[in-house]
$ cat data_19.txt   # compact mmCIF, C-alpha atoms
# COMPACT_ATOMS: atom_id res chain seq x y z
CA MET O 1 -3.79 7.23 15.07
CA HIS O 2 -0.27 6.20 14.13
CA LEU O 3 1.58 3.62 16.17
CA ASP O 4 4.90 4.50 17.76
CA VAL O 5 7.88 3.53 15.65
CA GLN O 6 9.54 1.76 18.58
CA ASP O 7 6.52 -0.52 18.98
CA LEU O 8 6.60 -1.31 15.28
CA ARG O 9 10.32 -2.05 15.37
CA ASN O 10 9.93 -4.30 18.40
CA PHE O 11 7.14 -6.24 16.72
CA TYR O 12 8.80 -6.81 13.35
CA TYR O 13 12.40 -7.29 14.49
CA ARG O 14 12.26 -8.52 18.06
CA SER O 15 9.29 -10.90 18.24
CA ALA O 16 8.81 -14.29 16.63
CA LEU O 17 5.29 -13.44 15.50
CA GLY O 18 6.48 -10.18 13.94
CA ARG O 19 9.27 -11.89 12.04
CA ALA O 20 6.75 -14.44 10.75
CA ALA O 21 4.44 -11.61 9.66
CA GLN O 22 7.34 -9.89 7.93
CA ALA O 23 8.19 -13.06 6.02
CA SER O 24 4.57 -13.56 4.96
CA LEU O 25 4.12 -10.00 3.72
CA ARG O 26 7.47 -9.84 1.98
CA GLY O 27 6.97 -13.18 0.29
CA ARG O 28 3.61 -12.13 -1.10
CA MET O 29 4.98 -8.77 -2.23
CA MET O 30 7.78 -10.49 -4.12
CA GLU O 31 5.13 -12.37 -6.10
CA PHE O 32 4.03 -8.99 -7.42
CA TRP O 33 7.44 -7.37 -7.74
CA PRO O 34 10.30 -9.88 -7.90
CA GLU O 35 12.83 -7.16 -8.79
CA ALA O 36 13.22 -3.39 -9.14
CA LYS O 37 16.47 -3.00 -11.05
CA GLY O 38 17.25 0.62 -11.83
CA GLN O 39 13.98 1.84 -10.32
CA THR O 40 13.00 4.20 -7.51
CA VAL O 41 11.26 2.30 -4.70
CA VAL O 42 9.53 4.17 -1.87
CA GLY O 43 7.84 2.83 1.24
CA TYR O 44 5.52 4.83 3.47
CA GLY O 45 4.35 4.16 7.02
CA PHE O 46 6.49 1.31 8.34
CA ALA O 47 7.29 -0.44 5.08
CA ALA O 48 11.01 -0.77 5.80
CA PRO O 49 10.81 -4.51 6.66
CA LEU O 50 9.62 -5.18 3.10
CA LEU O 51 12.13 -3.06 1.19
CA ARG O 52 15.38 -4.91 1.86
CA PRO O 53 15.23 -7.13 -1.28
CA TYR O 54 15.43 -3.99 -3.44
CA LEU O 55 18.43 -2.36 -1.78
CA LYS O 56 20.91 -4.15 -4.03
CA ASP O 57 19.59 -3.38 -7.51
CA ALA O 58 17.18 -0.45 -7.22
CA ARG O 59 18.37 2.96 -8.31
CA ARG O 60 17.08 4.45 -5.09
CA VAL O 61 15.20 3.13 -2.02
CA ILE O 62 13.51 5.51 0.41
CA ALA O 63 11.61 4.65 3.60
CA LEU O 64 9.26 7.51 4.46
CA MET O 65 8.00 7.53 8.05
CA PRO O 66 5.27 9.97 9.16
CA GLY O 67 5.97 12.50 11.91
CA PRO O 68 3.29 11.24 14.35
CA GLN O 69 4.83 7.76 14.15
CA GLY O 70 8.49 8.72 14.44
CA VAL O 71 11.52 7.45 12.57
CA ILE O 72 14.37 5.00 13.12
CA PRO O 73 17.57 4.61 11.10
CA TRP O 74 17.21 1.90 8.48
CA PRO O 75 18.83 -0.36 7.40
CA ALA O 76 21.08 -0.99 10.37
CA ASP O 77 23.95 -2.43 8.32
CA LYS O 78 23.97 0.06 5.42
CA ASP O 79 23.68 3.77 4.74
CA ASN O 80 20.48 5.21 6.16
CA VAL O 81 17.54 5.65 3.75
CA SER O 82 14.86 6.54 6.34
CA VAL O 83 13.22 9.97 6.16
CA LEU O 84 10.90 11.64 8.68
CA THR O 85 8.18 13.39 6.72
CA GLU O 86 4.91 15.23 6.91
CA GLU O 87 2.05 12.83 6.36
CA THR O 88 0.75 14.53 3.22
CA LEU O 89 3.79 16.54 2.09
CA TRP O 90 6.54 14.19 1.01
CA PRO O 91 10.02 15.46 0.04
CA LEU O 92 9.81 13.78 -3.36
CA GLU O 93 9.57 15.10 -6.88
CA THR O 94 6.30 14.71 -8.71
CA GLY O 95 6.02 11.64 -10.93
CA HIS O 96 9.41 10.06 -10.16
CA VAL O 97 8.48 6.94 -8.15
CA ASP O 98 8.35 3.57 -9.91
CA LYS O 99 7.19 1.42 -6.99
CA LEU O 100 5.36 2.63 -3.89
CA VAL O 101 4.51 0.45 -0.86
CA LEU O 102 2.20 1.50 1.98
CA LEU O 103 2.25 -0.54 5.19
CA HIS O 104 0.73 0.81 8.43
CA GLY O 105 0.16 4.11 6.69
CA LEU O 106 -3.30 4.26 5.18
CA GLU O 107 -5.41 2.61 7.89
CA THR O 108 -3.83 4.72 10.67
CA SER O 109 -4.08 8.05 8.85
CA GLU O 110 -6.66 10.64 9.87
CA ARG O 111 -6.25 12.24 6.43
CA ALA O 112 -6.52 9.21 4.18
CA SER O 113 -7.90 11.20 1.26
CA ASP O 114 -5.01 13.69 1.30
CA LEU O 115 -2.55 10.84 1.72
CA LEU O 116 -3.84 9.10 -1.41
CA GLU O 117 -3.53 12.34 -3.33
CA GLU O 118 0.13 12.53 -2.31
CA CYS O 119 0.63 8.92 -3.41
CA TRP O 120 -0.86 9.81 -6.80
CA ARG O 121 1.37 12.87 -7.11
CA VAL O 122 4.71 11.13 -6.59
CA LEU O 123 3.94 8.02 -8.67
CA GLY O 124 5.30 8.20 -12.20
CA PRO O 125 3.56 7.18 -15.43
CA GLY O 126 3.62 3.38 -15.53
CA GLY O 127 4.45 3.27 -11.82
CA ARG O 128 2.71 0.90 -9.44
CA ALA O 129 1.53 1.23 -5.86
CA LEU O 130 0.96 -1.60 -3.38
CA PHE O 131 -1.49 -0.87 -0.58
CA ILE O 132 -1.29 -3.29 2.36
CA VAL O 133 -4.09 -2.97 4.93
CA PRO O 134 -5.69 -5.09 7.67
CA ASN O 135 -8.56 -7.26 6.49
CA ARG O 136 -11.60 -6.32 8.55
CA ALA O 137 -12.90 -9.89 8.25
CA GLY O 138 -9.62 -11.44 9.43
CA LEU O 139 -8.38 -12.44 12.87
CA TRP O 140 -5.44 -10.02 12.93
CA ALA O 141 -7.69 -6.94 12.90
CA ARG O 142 -9.34 -8.20 16.10
CA ARG O 143 -6.13 -8.53 18.12
CA ASP O 144 -4.63 -5.29 19.37
CA ARG O 145 -1.41 -7.07 20.32
CA THR O 146 -0.21 -6.64 16.75
CA PRO O 147 -0.02 -3.49 14.58
CA PHE O 148 -2.87 -4.84 12.44
CA GLY O 149 -5.30 -4.39 15.31
CA PHE O 150 -5.00 -0.60 15.19
CA GLY O 151 -6.53 1.94 12.85
CA ARG O 152 -9.30 1.32 10.36
CA PRO O 153 -9.41 -2.16 8.79
CA TYR O 154 -10.76 -2.41 5.26
CA SER O 155 -12.80 -4.80 3.20
CA PRO O 156 -11.57 -5.31 -0.37
CA GLY O 157 -14.52 -3.36 -1.73
CA GLN O 158 -13.92 -0.42 0.59
CA LEU O 159 -10.28 -0.11 -0.41
CA GLU O 160 -11.00 -0.41 -4.11
CA THR O 161 -13.67 2.28 -3.89
CA GLN O 162 -11.25 4.56 -2.05
CA LEU O 163 -8.55 4.02 -4.65
CA ARG O 164 -10.83 4.63 -7.63
CA LYS O 165 -11.99 7.92 -6.13
CA HIS O 166 -8.39 9.10 -6.16
CA GLN O 167 -7.50 8.16 -9.73
CA PHE O 168 -6.01 4.72 -9.06
CA LEU O 169 -6.93 1.63 -11.02
CA PRO O 170 -6.80 -1.58 -8.92
CA GLU O 171 -5.07 -4.30 -10.94
CA ARG O 172 -4.22 -7.34 -8.80
CA HIS O 173 -5.01 -8.66 -5.32
CA LEU O 174 -3.35 -11.01 -2.86
CA GLY O 175 -4.05 -12.13 0.69
CA ALA O 176 -1.44 -12.50 3.42
CA LEU O 177 -1.07 -13.39 7.10
CA TYR O 178 -2.98 -16.65 7.17
CA GLN O 179 -1.44 -17.94 10.38
CA VAL O 180 -3.14 -17.38 13.73
CA PRO O 181 -2.02 -14.08 15.38
CA SER O 182 -0.67 -15.78 18.48
CA ALA O 183 2.88 -16.21 19.78
CA LYS O 184 2.06 -19.53 21.46
CA ARG O 185 4.36 -22.34 20.41
CA LEU O 186 1.58 -24.49 18.97
CA TRP O 187 0.30 -21.77 16.63
CA MET O 188 3.79 -20.64 15.66
CA LYS O 189 4.74 -24.20 14.64
CA ALA O 190 1.56 -24.46 12.58
CA GLY O 191 2.12 -21.06 10.99
CA PRO O 192 3.94 -22.20 7.81
CA ALA O 193 1.23 -24.80 7.15
CA PHE O 194 -1.50 -22.19 7.48
CA GLU O 195 0.40 -19.88 5.12
CA ASN O 196 0.74 -22.62 2.50
CA ILE O 197 -2.95 -23.48 2.72
CA GLY O 198 -3.94 -19.82 2.60
CA ARG O 199 -2.12 -19.25 -0.66
CA ARG O 200 -4.38 -21.80 -2.30
CA VAL O 201 -7.68 -20.22 -1.29
CA PRO O 202 -9.25 -17.28 -3.14
CA ALA O 203 -7.38 -14.02 -2.58
CA MET O 204 -8.21 -12.14 0.59
CA MET O 205 -10.77 -14.76 1.79
CA ALA O 206 -9.28 -15.43 5.22
CA GLY O 207 -6.00 -13.55 5.46
CA GLY O 208 -5.25 -11.09 8.22
CA ALA O 209 -4.19 -8.55 5.61
CA PHE O 210 -4.62 -8.06 1.91
CA MET O 211 -2.65 -6.32 -0.80
CA VAL O 212 -3.99 -4.36 -3.73
CA GLU O 213 -1.69 -3.37 -6.56
CA ALA O 214 -2.88 -0.25 -8.37
CA THR O 215 -1.71 1.89 -11.24
CA LYS O 216 -2.03 5.63 -11.66
CA LEU O 217 -4.74 6.97 -13.95
CA VAL O 218 -3.27 9.92 -15.80
CA TYR O 219 -6.58 10.89 -17.41
CA PRO O 220 -10.04 11.12 -15.81
CA PRO O 221 -12.02 7.86 -15.95
CA LYS O 222 -14.44 7.41 -18.79
CA GLY O 223 -17.78 9.08 -18.24
CA GLN O 224 -16.38 12.00 -16.27
CA ILE O 225 -16.17 14.34 -19.25
CA GLU O 226 -19.27 15.22 -21.23
CA PRO O 227 -18.88 14.65 -24.99
CA ALA O 228 -19.05 17.67 -27.26
CA ARG O 229 -22.59 18.39 -28.33
CA ARG O 230 -23.19 17.81 -32.02
CA PRO O 231 -25.47 20.11 -33.99
CA SER O 232 -28.84 18.58 -34.73
CA ALA O 233 -29.96 17.91 -38.29
CA VAL O 234 -32.59 20.63 -37.95
CA SER O 235 -30.06 23.30 -37.07
CA VAL O 236 -27.77 22.27 -39.93
CA LEU O 237 -30.51 22.41 -42.56
CA LYS O 238 -32.11 25.61 -41.28
CA PRO O 239 -31.11 28.48 -43.62
CA ALA O 240 -29.42 31.50 -42.10
CA ALA O 241 -31.40 34.73 -41.94
CA LYS O 242 -30.50 37.30 -44.56
CA ALA O 243 -29.91 40.93 -43.71
CA VAL O 244 -32.57 43.33 -44.96

$ encode --input "data_19.txt" --output "structure tokens"
Amino acid sequence: MHLDVQDLRNFYYRSALGRAAQASLRGRMMEFWPEAKGQTVVGYGFAAPLLRPYLKDARRVIALMPGPQGVIPWPADKDNVSVLTEETLWPLETGHVDKLVLLHGLETSERASDLLEECWRVLGPGGRALFIVPNRAGLWARRDRTPFGFGRPYSPGQLETQLRKHQFLPERHLGALYQVPSAKRLWMKAGPAFENIGRRVPAMMAGGAFMVEATKLVYPPKGQIEPARRPSAVSVLKPAAKAV
């Protein structure tokens, strides 16, 4: 079940906890992708809060928002790049996306398998996708006062298995959202300290969300195609029958 776009906007742009979450996610994403000069960057779900750093230098930035969620104009101070789209039928050419970000898209989809196939279709050779999902072992997935408390949370192993089934190769991992999911003043003041500590622990150990960067496999994984059968030594040495 997709969240309403107005609720997502209110969380990320009009609440202190949402702005802190936005900063945490964007900061971690920039560790993966510090720039996207001359590239096509696409976000799906409600990835708009993370895409602003690429508006200046990217060749094209598109924020796809699924129909059940709804759409808002974005960014507010520039030409609109938001697009309302079918969940599994994006208005994009095949193989033309360099960077793809999913936030609040995969875990809320009732057609996750078809959605991943559409991600694979639009991603170009050498392109990279960043899947951001709630960590089922984290605190954020247990609080329905934030968008991370809705939909299906994942464990790292579950997400990797899902990606491999759809011809993606997981490459790198990062955790995010280490602060407590509470808007109380005490926890908000301690938030930056929790984020700094969290970045030093193993990836995805205690974060409220985790990120998996994956590349597109153009060919089937090894072991999927049976090797050509070689003739046995007996069949090679056996003389052919002569016509009578």

$ axis_aligned_box --input "data_19.txt" --around "range 155-161 of chain O" --padding-each-side "4 Å" --output "JSON"
{"center_x": -12.4, "center_y": -1.5, "center_z": -0.5, "size_x": 12.2, "size_y": 15.6, "size_z": 15.3}

$ closest_residue --input "data_19.txt" --among "O:Asp79, O:Asp114, O:Asp144, O:Glu195" --to "Gln162 in chain O" --atoms "all atoms listed in the file"
O:Asp114

$ residues_near_point --input "data_19.txt" --point "(2.2, -7.5, 20.2)" --cutoff "12 Å" --atoms "all atoms listed in the file" --output "PyMOL selection string"
chain O and resi 3+6-19+21+140+143-150+181-183

$ closest_residue --input "data_19.txt" --among "O:Gly208, O:Glu117, O:Gly138, O:Gly127" --to "Arg164 in chain O" --atoms "all atoms listed in the file"
O:Glu117

$ closest_residue --input "data_19.txt" --among "O:Arg152, O:Lys56, O:Arg172, O:Lys37" --to "Lys99 in chain O" --atoms "all atoms listed in the file"
O:Lys37

$ closest_residue --input "data_19.txt" --among "O:Asp98, O:Glu107, O:Asp77, O:Glu35" --to "Ile62 in chain O" --atoms "all atoms listed in the file"
O:Asp98

$ closest_residue --input "data_19.txt" --among "O:Tyr54, O:Leu115, O:His104, O:Pro49" --to "Leu25 in chain O" --atoms "all atoms listed in the file"
O:Pro49

$ closest_residue --input "data_19.txt" --among "O:Val97, O:Phe32, O:Leu103, O:Ser155" --to "Glu171 in chain O" --atoms "all atoms listed in the file"
O:Phe32

$ residues_near_point --input "data_19.txt" --point "(-8.1, 7.8, -4.6)" --cutoff "8 Å" --atoms "only C-alpha atoms" --output "list in words"
Ser113, Leu116, Glu117, Trp120, Thr161, Gln162, Leu163, Arg164, Lys165, His166, Gln167 and Phe168 of chain O

$ residues_around --input "data_19.txt" --residues "range 39-47 of chain O" --least-positions-apart "5" --cutoff "10 Å" --atoms "only C-alpha atoms" --output "VMD selection string"
chain O and resid 2 to 3 5 8 to 9 12 22 26 52 54 to 55 57 to 67 69 to 72 81 to 83 85 87 90 92 96 to 109 119 122 to 124 127 to 132

$ atom_distance --input "data_19.txt" --atom1 "CA of Leu169 in chain O" --atom2 "CA of Pro156 in chain O"
13.5 Å

$ atom_distance --input "data_19.txt" --atom1 "CA of Gly207 in chain O" --atom2 "CA of Ala36 in chain O"
26.2 Å

$ atom_distance --input "data_19.txt" --atom1 "CA of Pro91 in chain O" --atom2 "CA of Arg121 in chain O"
11.5 Å

$ residues_around --input "data_19.txt" --residues "Ala209 in chain O" --least-positions-apart "2" --cutoff "7 Å" --atoms "only C-alpha atoms" --output "NGL selection string"
:O and (132-135 or 175-177 or 207 or 211)
